[in-house]
>>> print(open('my_file.json').read())   # JSON, C-alpha atoms
[["chain", "number", "residue", "atom", "x", "y", "z"],
["Q", 1, "MET", "CA", -29.02, 4.85, 229.80],
["Q", 2, "PHE", "CA", -25.24, 4.90, 229.32],
["Q", 3, "MET", "CA", -24.64, 3.13, 232.63],
["Q", 4, "SER", "CA", -27.19, 0.48, 231.82],
["Q", 5, "GLU", "CA", -25.42, -0.26, 228.48],
["Q", 6, "ILE", "CA", -22.09, -0.63, 230.25],
["Q", 7, "THR", "CA", -23.65, -2.94, 232.78],
["Q", 8, "GLU", "CA", -25.29, -5.01, 230.06],
["Q", 9, "GLN", "CA", -22.01, -5.26, 228.09],
["Q", 10, "GLY", "CA", -20.15, -6.17, 231.25],
["Q", 11, "SER", "CA", -22.58, -8.86, 232.16],
["Q", 12, "VAL", "CA", -22.41, -10.25, 228.60],
["Q", 13, "ALA", "CA", -18.60, -10.31, 228.75],
["Q", 14, "GLU", "CA", -18.70, -11.99, 232.14],
["Q", 15, "GLU", "CA", -21.17, -14.56, 230.90],
["Q", 16, "GLY", "CA", -18.92, -15.27, 227.92],
["Q", 17, "THR", "CA", -15.90, -15.79, 230.21],
["Q", 18, "VAL", "CA", -17.86, -18.02, 232.55],
["Q", 19, "SER", "CA", -19.19, -20.00, 229.62],
["Q", 20, "ASP", "CA", -15.68, -20.66, 228.21],
["Q", 21, "ALA", "CA", -14.45, -21.72, 231.62],
["Q", 22, "ALA", "CA", -17.44, -23.99, 232.04],
["Q", 23, "VAL", "CA", -16.77, -25.63, 228.65],
["Q", 24, "ALA", "CA", -13.09, -26.13, 229.54],
["Q", 25, "ASP", "CA", -14.11, -27.60, 232.90],
["Q", 26, "GLY", "CA", -16.56, -29.91, 231.19],
["Q", 27, "ARG", "CA", -13.87, -31.15, 228.80],
["Q", 28, "ARG", "CA", -11.47, -31.72, 231.66],
["Q", 29, "ALA", "CA", -14.15, -33.65, 233.54],
["Q", 30, "GLU", "CA", -14.89, -35.79, 230.48],
["Q", 31, "LYS", "CA", -11.18, -36.56, 230.02],
["Q", 32, "ARG", "CA", -10.87, -37.42, 233.69],
["Q", 33, "LYS", "CA", -13.87, -39.71, 233.51],
["Q", 34, "ALA", "CA", -12.48, -41.51, 230.45],
["Q", 35, "ALA", "CA", -9.13, -41.92, 232.20],
["Q", 36, "ALA", "CA", -10.91, -43.25, 235.30],
["Q", 37, "TYR", "CA", -12.67, -45.90, 233.20],
["Q", 38, "ALA", "CA", -9.34, -46.89, 231.60],
["Q", 39, "ILE", "CA", -7.73, -47.14, 235.04],
["Q", 40, "ALA", "CA", -10.59, -49.31, 236.32],
["Q", 41, "VAL", "CA", -10.24, -51.69, 233.35],
["Q", 42, "ALA", "CA", -6.44, -51.81, 233.84],
["Q", 43, "GLY", "CA", -6.98, -52.60, 237.53],
["Q", 44, "TRP", "CA", -9.37, -55.40, 236.62],
["Q", 45, "VAL", "CA", -7.11, -56.98, 233.98],
["Q", 46, "VAL", "CA", -3.99, -56.88, 236.16],
["Q", 47, "PRO", "CA", -4.79, -56.69, 239.89],
["Q", 48, "GLY", "CA", -3.17, -53.57, 241.38],
["Q", 49, "LEU", "CA", -2.32, -51.93, 238.04],
["Q", 50, "GLY", "CA", -5.05, -49.30, 238.47],
["Q", 51, "HIS", "CA", -3.56, -48.16, 241.76],
["Q", 52, "ALA", "CA", -0.02, -48.38, 240.33],
["Q", 53, "ILE", "CA", -1.00, -45.97, 237.53],
["Q", 54, "LEU", "CA", -2.26, -43.59, 240.23],
["Q", 55, "LYS", "CA", 1.07, -44.05, 242.06],
["Q", 56, "MET", "CA", -0.64, -45.64, 245.06],
["Q", 57, "TRP", "CA", 2.14, -48.18, 245.45],
["Q", 58, "GLY", "CA", 1.12, -49.71, 248.78],
["Q", 59, "ARG", "CA", -2.41, -50.36, 247.61],
["Q", 60, "ALA", "CA", -1.16, -51.69, 244.27],
["Q", 61, "ALA", "CA", 1.15, -54.18, 245.98],
["Q", 62, "ALA", "CA", -1.56, -55.18, 248.46],
["Q", 63, "CYS", "CA", -4.09, -55.84, 245.67],
["Q", 64, "PHE", "CA", -1.64, -57.79, 243.54],
["Q", 65, "LEU", "CA", -0.37, -59.94, 246.40],
["Q", 66, "THR", "CA", -3.70, -60.67, 248.08],
["Q", 67, "VAL", "CA", -5.54, -61.50, 244.85],
["Q", 68, "GLY", "CA", -2.54, -63.49, 243.61],
["Q", 69, "LEU", "CA", -2.24, -65.48, 246.84],
["Q", 70, "LEU", "CA", -5.95, -66.32, 246.86],
["Q", 71, "VAL", "CA", -5.82, -67.45, 243.22],
["Q", 72, "VAL", "CA", -2.69, -69.60, 243.69],
["Q", 73, "LEU", "CA", -4.05, -71.21, 246.87],
["Q", 74, "GLY", "CA", -7.53, -71.69, 245.42],
["Q", 75, "ALA", "CA", -6.20, -73.36, 242.29],
["Q", 76, "GLY", "CA", -3.65, -75.36, 244.31],
["Q", 77, "MET", "CA", -6.47, -76.67, 246.50],
["Q", 78, "ARG", "CA", -8.26, -77.76, 243.32],
["Q", 79, "GLY", "CA", -11.18, -75.40, 243.70],
["Q", 80, "ASN", "CA", -13.81, -75.17, 241.00],
["Q", 81, "ILE", "CA", -12.95, -72.64, 238.27],
["Q", 82, "PHE", "CA", -16.26, -71.93, 236.58],
["Q", 83, "ALA", "CA", -16.41, -71.72, 232.79],
["Q", 84, "SER", "CA", -18.69, -69.64, 230.58],
["Q", 85, "GLY", "CA", -21.09, -72.44, 229.63],
["Q", 86, "GLY", "CA", -22.50, -72.93, 233.12],
["Q", 87, "GLY", "CA", -25.49, -75.20, 233.60],
["Q", 88, "ASP", "CA", -27.41, -73.03, 236.05],
["Q", 89, "ALA", "CA", -27.55, -69.56, 237.57],
["Q", 90, "PHE", "CA", -25.09, -70.42, 240.34],
["Q", 91, "ASP", "CA", -22.51, -71.58, 237.78],
["Q", 92, "THR", "CA", -22.96, -68.31, 235.89],
["Q", 93, "LEU", "CA", -22.59, -66.29, 239.11],
["Q", 94, "GLY", "CA", -19.48, -68.30, 239.96],
["Q", 95, "TYR", "CA", -18.10, -67.62, 236.49],
["Q", 96, "PHE", "CA", -18.57, -63.86, 236.89],
["Q", 97, "ALA", "CA", -16.99, -63.98, 240.36],
["Q", 98, "ASP", "CA", -13.99, -65.94, 239.05],
["Q", 99, "LEU", "CA", -13.67, -63.68, 236.02],
["Q", 100, "GLY", "CA", -13.36, -60.73, 238.40],
["Q", 101, "ALA", "CA", -9.75, -61.77, 238.96],
["Q", 102, "GLY", "CA", -9.01, -60.55, 235.41],
["Q", 103, "GLY", "CA", -5.80, -62.02, 234.00],
["Q", 104, "PHE", "CA", -5.38, -64.17, 237.10],
["Q", 105, "TYR", "CA", -8.43, -66.20, 235.99],
["Q", 106, "PHE", "CA", -6.27, -67.66, 233.23],
["Q", 107, "VAL", "CA", -3.36, -68.12, 235.64],
["Q", 108, "ALA", "CA", -5.69, -70.20, 237.84],
["Q", 109, "ARG", "CA", -6.76, -72.31, 234.84],
["Q", 110, "SER", "CA", -3.13, -72.91, 233.90],
["Q", 111, "ILE", "CA", -2.21, -73.93, 237.47],
["Q", 112, "GLU", "CA", -5.13, -76.31, 237.91],
["Q", 113, "LYS", "CA", -4.25, -78.89, 235.27],
["Q", 114, "GLN", "CA", -5.81, -81.87, 237.08],
["Q", 115, "GLY", "CA", -9.24, -80.26, 237.24],
["Q", 116, "ALA", "CA", -11.40, -79.41, 240.24],
["Q", 117, "ASP", "CA", -11.93, -81.79, 243.14],
["Q", 118, "VAL", "CA", -14.71, -80.57, 245.39],
["Q", 119, "SER", "CA", -15.32, -83.98, 246.97],
["Q", 120, "HIS", "CA", -13.10, -82.83, 249.88],
["Q", 121, "ALA", "CA", -13.29, -79.72, 252.05],
["Q", 122, "ASN", "CA", -10.04, -78.42, 250.51],
["Q", 123, "GLY", "CA", -11.54, -78.21, 247.04],
["Q", 124, "ASP", "CA", -14.61, -76.48, 248.43],
["Q", 125, "TYR", "CA", -12.44, -73.92, 250.24],
["Q", 126, "GLY", "CA", -10.44, -73.49, 247.01],
["Q", 127, "THR", "CA", -13.63, -72.61, 245.15],
["Q", 128, "ARG", "CA", -14.37, -69.92, 247.76],
["Q", 129, "PHE", "CA", -10.82, -68.58, 247.58],
["Q", 130, "LEU", "CA", -11.05, -68.19, 243.80],
["Q", 131, "ALA", "CA", -14.42, -66.43, 243.99],
["Q", 132, "THR", "CA", -13.15, -64.16, 246.77],
["Q", 133, "ALA", "CA", -10.09, -63.24, 244.68],
["Q", 134, "GLY", "CA", -12.38, -62.14, 241.85],
["Q", 135, "ILE", "CA", -14.72, -60.10, 244.03],
["Q", 136, "LEU", "CA", -11.79, -58.52, 245.88],
["Q", 137, "ASN", "CA", -10.22, -57.50, 242.57],
["Q", 138, "LEU", "CA", -13.49, -55.95, 241.38],
["Q", 139, "LEU", "CA", -13.68, -54.00, 244.64],
["Q", 140, "ALA", "CA", -10.08, -52.81, 244.15],
["Q", 141, "ALA", "CA", -10.80, -51.78, 240.54],
["Q", 142, "LEU", "CA", -13.86, -49.81, 241.74],
["Q", 143, "HIS", "CA", -11.70, -48.16, 244.39],
["Q", 144, "ALA", "CA", -9.12, -47.16, 241.76],
["Q", 145, "PHE", "CA", -11.95, -45.78, 239.59],
["Q", 146, "GLU", "CA", -13.24, -43.61, 242.43],
["Q", 147, "ALA", "CA", -9.71, -42.42, 243.27],
["Q", 148, "ALA", "CA", -9.08, -41.53, 239.61],
["Q", 149, "ARG", "CA", -12.28, -39.47, 239.54],
["Q", 150, "GLY", "CA", -10.93, -37.46, 242.44],
["Q", 151, "HIS", "CA", -13.27, -38.83, 245.06],
["Q", 152, "LYS", "CA", -11.76, -39.34, 248.47],
["Q", 153, "ALA", "CA", -10.45, -42.87, 248.69],
["X", 154, "MET", "CA", 4.42, -72.27, 234.44],
["X", 155, "ILE", "CA", 3.77, -72.25, 238.15],
["X", 156, "GLU", "CA", 3.39, -75.73, 239.61],
["X", 157, "VAL", "CA", 1.11, -75.61, 242.62],
["X", 158, "SER", "CA", -0.99, -78.61, 243.38],
["X", 159, "GLY", "CA", -2.09, -80.65, 246.32],
["X", 160, "VAL", "CA", -2.26, -77.75, 248.75],
["X", 161, "ARG", "CA", -3.84, -79.19, 251.90],
["X", 162, "LEU", "CA", -5.05, -76.92, 254.65],
["X", 163, "SER", "CA", -6.99, -77.63, 257.80],
["X", 164, "HIS", "CA", -10.28, -75.83, 258.42],
["X", 165, "PHE", "CA", -8.60, -73.43, 260.83],
["X", 166, "GLN", "CA", -5.65, -72.76, 258.49],
["X", 167, "ALA", "CA", -8.00, -71.98, 255.61],
["X", 168, "MET", "CA", -10.05, -69.63, 257.79],
["X", 169, "ALA", "CA", -6.93, -67.93, 259.21],
["X", 170, "ILE", "CA", -5.37, -67.38, 255.76],
["X", 171, "PHE", "CA", -8.66, -66.03, 254.44],
["X", 172, "ALA", "CA", -8.95, -63.68, 257.44],
["X", 173, "VAL", "CA", -5.36, -62.40, 257.07],
["X", 174, "VAL", "CA", -5.66, -61.79, 253.33],
["X", 175, "ILE", "CA", -9.03, -60.03, 253.48],
["X", 176, "SER", "CA", -8.01, -57.93, 256.51],
["X", 177, "LEU", "CA", -4.86, -56.80, 254.71],
["X", 178, "ALA", "CA", -6.73, -55.91, 251.53],
["X", 179, "PHE", "CA", -9.47, -54.00, 253.40],
["X", 180, "GLY", "CA", -6.92, -52.23, 255.59],
["X", 181, "PHE", "CA", -4.85, -51.02, 252.64],
["X", 182, "LEU", "CA", -7.88, -49.99, 250.58],
["X", 183, "SER", "CA", -9.81, -48.17, 253.29],
["X", 184, "ARG", "CA", -7.07, -46.41, 255.27],
["X", 185, "ARG", "CA", -4.24, -44.09, 254.17],
["X", 186, "LYS", "CA", -1.85, -43.85, 257.12],
["X", 187, "ALA", "CA", 0.32, -46.77, 258.19],
["X", 188, "GLY", "CA", -0.85, -46.60, 261.82],
["X", 189, "ASP", "CA", -4.51, -46.52, 260.84],
["X", 190, "ARG", "CA", -3.96, -49.45, 258.48],
["X", 191, "LEU", "CA", -2.24, -51.50, 261.17],
["X", 192, "ARG", "CA", -5.04, -50.86, 263.67],
["X", 193, "TYR", "CA", -7.71, -51.66, 261.07],
["X", 194, "VAL", "CA", -5.97, -54.87, 259.95],
["X", 195, "GLY", "CA", -5.47, -56.02, 263.56],
["X", 196, "TRP", "CA", -9.04, -55.29, 264.60],
["X", 197, "SER", "CA", -10.52, -56.82, 261.45],
["X", 198, "LEU", "CA", -8.38, -59.96, 261.82],
["X", 199, "PHE", "CA", -9.37, -60.29, 265.47],
["X", 200, "LEU", "CA", -13.07, -60.02, 264.62],
["X", 201, "PHE", "CA", -12.78, -62.48, 261.71],
["X", 202, "LEU", "CA", -11.16, -65.09, 263.96],
["X", 203, "VAL", "CA", -13.35, -64.55, 267.02],
["X", 204, "ILE", "CA", -16.60, -64.57, 265.04],
["X", 205, "GLY", "CA", -15.45, -67.54, 262.91],
["X", 206, "ILE", "CA", -14.50, -69.63, 265.94],
["X", 207, "GLY", "CA", -17.66, -68.48, 267.74],
["X", 208, "ILE", "CA", -19.89, -69.60, 264.87],
["X", 209, "GLY", "CA", -17.95, -72.90, 264.84],
["X", 210, "TRP", "CA", -18.75, -73.46, 268.51],
["X", 211, "VAL", "CA", -22.40, -72.56, 268.03],
["X", 212, "MET", "CA", -22.66, -75.07, 265.14],
["X", 213, "TYR", "CA", -20.80, -77.83, 266.98],
["X", 214, "PRO", "CA", -23.88, -79.47, 268.61],
["X", 215, "PHE", "CA", -25.61, -79.73, 265.20],
["X", 216, "SER", "CA", -22.63, -81.38, 263.49],
["X", 217, "ARG", "CA", -23.34, -84.79, 265.04]]
>>> encode(input="my_file.json", output="structure tokens")
Amino acid sequence: MFMSEITEQGSVAEEGTVSDAAVADGRRAEKRKAAAYAIAVAGWVVPGLGHAILKMWGRAAACFLTVGLLVVLGAGMRGNIFASGGGDAFDTLGYFADLGAGGFYFVARSIEKQGADVSHANGDYGTRFLATAGILNLLAALHAFEAARGHKA
Amino acid sequence: MIEVSGVRLSHFQAMAIFAVVISLAFGFLSRRKAGDRLRYVGWSLFLFLVIGIGIGWVMYPFSR
């Protein structure tokens, strides 16, 4: 009888300890998840910033330079920068792809003052460069998100 | 503001720049060590160029 009471009390105490630890772990996980979302958004707005916050300097520089180069070349080649009021589904898809470059979307718009010229191959390639910059930046932001969550990246 | 306009690239130059940039980005994102990155970038760049030029040759008879 006495032994069983001790055992019951012990198990209750252990359960209480485990429960507190589990709650603390849960809070830590929630905080980490919120931070990971913030890092992903930062990485989207400024290419490479997500990795820079995580002190992954090489990846941060690579993201910034590659996305930046694609945007500058794409806009310089007078590629099509899609706007929000697209006429069809492809325009809308192009807009989302371009918007993936975050702040660089507006850099591209400021560079390309003469408007798009897709009547030549250069303009067509420019359009692809701009879309690729956006998709690449989204991929980098997703990578930073996974790294911030502690997943192997 | 940055003044970049009238950038003119040949088909091969555009493909080569695209291949270099994407290979670099993939290499840095998917590998941690410098040696692994270099090997990945080199191999990826090689495949981009070989497959791109190969597809160009395959399409050549249909371009006329």
>>> residues_near_point(input="my_file.json", point="(-5.9, -61.8, 254.3)", cutoff="10 Å", atoms="all atoms listed in the file", output="PDB file with C-alpha atoms, in the coordinates of the input")
ATOM      1  CA  ALA Q  62      -1.560 -55.180 248.460  1.00  0.00           C
ATOM      2  CA  LEU Q  65      -0.370 -59.940 246.400  1.00  0.00           C
ATOM      3  CA  THR Q  66      -3.700 -60.670 248.080  1.00  0.00           C
ATOM      4  CA  VAL Q  67      -5.540 -61.500 244.850  1.00  0.00           C
ATOM      5  CA  LEU Q  69      -2.240 -65.480 246.840  1.00  0.00           C
ATOM      6  CA  LEU Q  70      -5.950 -66.320 246.860  1.00  0.00           C
TER       7      LEU Q  70
ATOM      8  CA  MET X 168     -10.050 -69.630 257.790  1.00  0.00           C
ATOM      9  CA  ALA X 169      -6.930 -67.930 259.210  1.00  0.00           C
ATOM     10  CA  ILE X 170      -5.370 -67.380 255.760  1.00  0.00           C
ATOM     11  CA  PHE X 171      -8.660 -66.030 254.440  1.00  0.00           C
ATOM     12  CA  ALA X 172      -8.950 -63.680 257.440  1.00  0.00           C
ATOM     13  CA  VAL X 173      -5.360 -62.400 257.070  1.00  0.00           C
ATOM     14  CA  VAL X 174      -5.660 -61.790 253.330  1.00  0.00           C
ATOM     15  CA  ILE X 175      -9.030 -60.030 253.480  1.00  0.00           C
ATOM     16  CA  SER X 176      -8.010 -57.930 256.510  1.00  0.00           C
ATOM     17  CA  LEU X 177      -4.860 -56.800 254.710  1.00  0.00           C
ATOM     18  CA  ALA X 178      -6.730 -55.910 251.530  1.00  0.00           C
ATOM     19  CA  PHE X 179      -9.470 -54.000 253.400  1.00  0.00           C
ATOM     20  CA  GLY X 180      -6.920 -52.230 255.590  1.00  0.00           C
ATOM     21  CA  VAL X 194      -5.970 -54.870 259.950  1.00  0.00           C
ATOM     22  CA  SER X 197     -10.520 -56.820 261.450  1.00  0.00           C
ATOM     23  CA  LEU X 198      -8.380 -59.960 261.820  1.00  0.00           C
TER      24      LEU X 198
END
>>> atom_distance(input="my_file.json", atom1="CA of Asp91 (chain Q)", atom2="CA of Phe106 (chain Q)")
17.3 Å
>>> interface_residues(input="my_file.json", of="chain Q", to="chain X", cutoff="8 Å", atoms="all atoms listed in the file", output="PyMOL selection string")
chain Q and resi 58-59+62-63+66+70+72-73+75-78+110-112+122+125+129+140+143+153
>>> atom_distance(input="my_file.json", atom1="CA of Val41 (chain Q)", atom2="CA of Phe96 (chain Q)")
15.2 Å
>>> atom_distance(input="my_file.json", atom1="CA of Phe145 (chain Q)", atom2="CA of Leu93 (chain Q)")
23.1 Å
>>> residues_around(input="my_file.json", residues="Phe104 (chain Q)", least_positions_apart="2", cutoff="12 Å", atoms="all atoms listed in the file", output="NGL selection string")
:Q and (43-48 or 64-72 or 74-75 or 81 or 98-102 or 106-111 or 130-131 or 133-134 or 137)
